[in-house]
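Report on the structure given below.
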Amino acid sequence: LVPSFARADRPASSDAGPGLKPAYDLTETDDGYALTVQLPGVAKEGLELTAEADAITITGRRAWKQPEGWTAVYRESADAAYELVLAHDNAVDLDKIHAELRDGVLRVALPKADAVQPHELAVG
């Protein structure tokens, strides 16, 4: 069996420069998929979520700016945007996707398309 989702090798956008791949978890339920993406420092204004026929694209830009005259001694992460592209095989109903960003964690509900959901068939 081929997985319904796979991390795509293509970049999320060509003008954003190199991006960080965020940590994420994707689980399947009977009705759909639950995607959780770690985006520390990203506010709703810096988040872009795009759903296409073959991919889900997430781009998150952090709003924090270094204060003037301040010198960093050590930083745990680079000051780059997060980019994640997950390719899928038309398994998602694009019109019913729901997303919520809270405390740097993006939760996305991806309902399965009707063609993918199991149907009970009558045998005659």
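Lettering and numbering for the structure tokens are positional, with chains as A, B, ... in the shown order, residues counted from 1 in each chain, and ligands counted from 1 in the shown order.
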
Just the residues within 7 Å of range 59-73 of chain A, please, counting only C-alpha atoms, with nothing from its chain fewer than 5 positions along; format it as a list of chain:residue names.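 Near range 59-73 of chain A, the qualifying residues are A:Leu39, A:Gly41, A:Val42, A:Ala43, A:Gly46, A:Leu47, A:Glu48, A:Leu49, A:Ala81, A:Tyr82, A:Glu83, A:Leu84.
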
Set out as JSON lines a contact list for range 27-68 of chain A and range 89-110 of chain A with a cut-off of 7 Å, giving each residue of range 27-68 of chain A that qualifies its closest atom pair and distance in Å to one decimal, counting only C-alpha atoms, ordered by chain and rising residue number.
```
{"residue": "A:Gly32", "atom": "CA", "partner": "A:Leu110", "partner_atom": "CA", "distance": 5.5}
{"residue": "A:Tyr33", "atom": "CA", "partner": "A:Leu110", "partner_atom": "CA", "distance": 5.0}
{"residue": "A:Ala34", "atom": "CA", "partner": "A:Ala109", "partner_atom": "CA", "distance": 5.0}
{"residue": "A:Leu35", "atom": "CA", "partner": "A:Val108", "partner_atom": "CA", "distance": 5.0}
{"residue": "A:Thr36", "atom": "CA", "partner": "A:Arg107", "partner_atom": "CA", "distance": 4.6}
{"residue": "A:Val37", "atom": "CA", "partner": "A:Leu106", "partner_atom": "CA", "distance": 5.0}
{"residue": "A:Gln38", "atom": "CA", "partner": "A:Val105", "partner_atom": "CA", "distance": 4.9}
{"residue": "A:Leu39", "atom": "CA", "partner": "A:Gly104", "partner_atom": "CA", "distance": 4.8}
{"residue": "A:Pro40", "atom": "CA", "partner": "A:Gly104", "partner_atom": "CA", "distance": 4.3}
{"residue": "A:Gly41", "atom": "CA", "partner": "A:Gly104", "partner_atom": "CA", "distance": 6.0}
{"residue": "A:Val42", "atom": "CA", "partner": "A:Gly104", "partner_atom": "CA", "distance": 5.9}
{"residue": "A:Lys44", "atom": "CA", "partner": "A:Leu101", "partner_atom": "CA", "distance": 6.7}
{"residue": "A:Ala51", "atom": "CA", "partner": "A:Leu94", "partner_atom": "CA", "distance": 6.4}
{"residue": "A:Ala53", "atom": "CA", "partner": "A:Asn90", "partner_atom": "CA", "distance": 5.9}
{"residue": "A:Asp54", "atom": "CA", "partner": "A:Asn90", "partner_atom": "CA", "distance": 5.9}
```

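Comparing the minimum interatomic distances between Ile58 in chain A and each of A:Glu76, A:Ala23, A:Pro111, A:Asp30, counting only C-alpha atoms, we find that A:Ala23 sits nearest.
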
Residue with smallest distance to Thr57 in chain A - pool A:Tyr24, A:Asp79, A:Asp114, A:Leu86, counting only C-alpha atoms: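 So, comparing all the options, the nearest one is A:Leu86.
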
Which of these, A:Ala87, A:Ala113, A:Ala80, A:Ala122, has the shortest distance to Gly19 in chain A once you count only C-alpha atoms?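 Closest candidate: A:Ala80.
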
If you run DSSP on the backbone here, which positions in range 17-60 of chain A get strand (DSSP E or B)? Please write them as number ranges by chain. A: 20, 24-28, 32-38, 42-51, 55-60

Which value, in Å to one decimal, gives the distance between CA of Tyr74 in chain A and CA of Glu45 in chain A?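 Computing it gives 26.8 Å between the two atoms.
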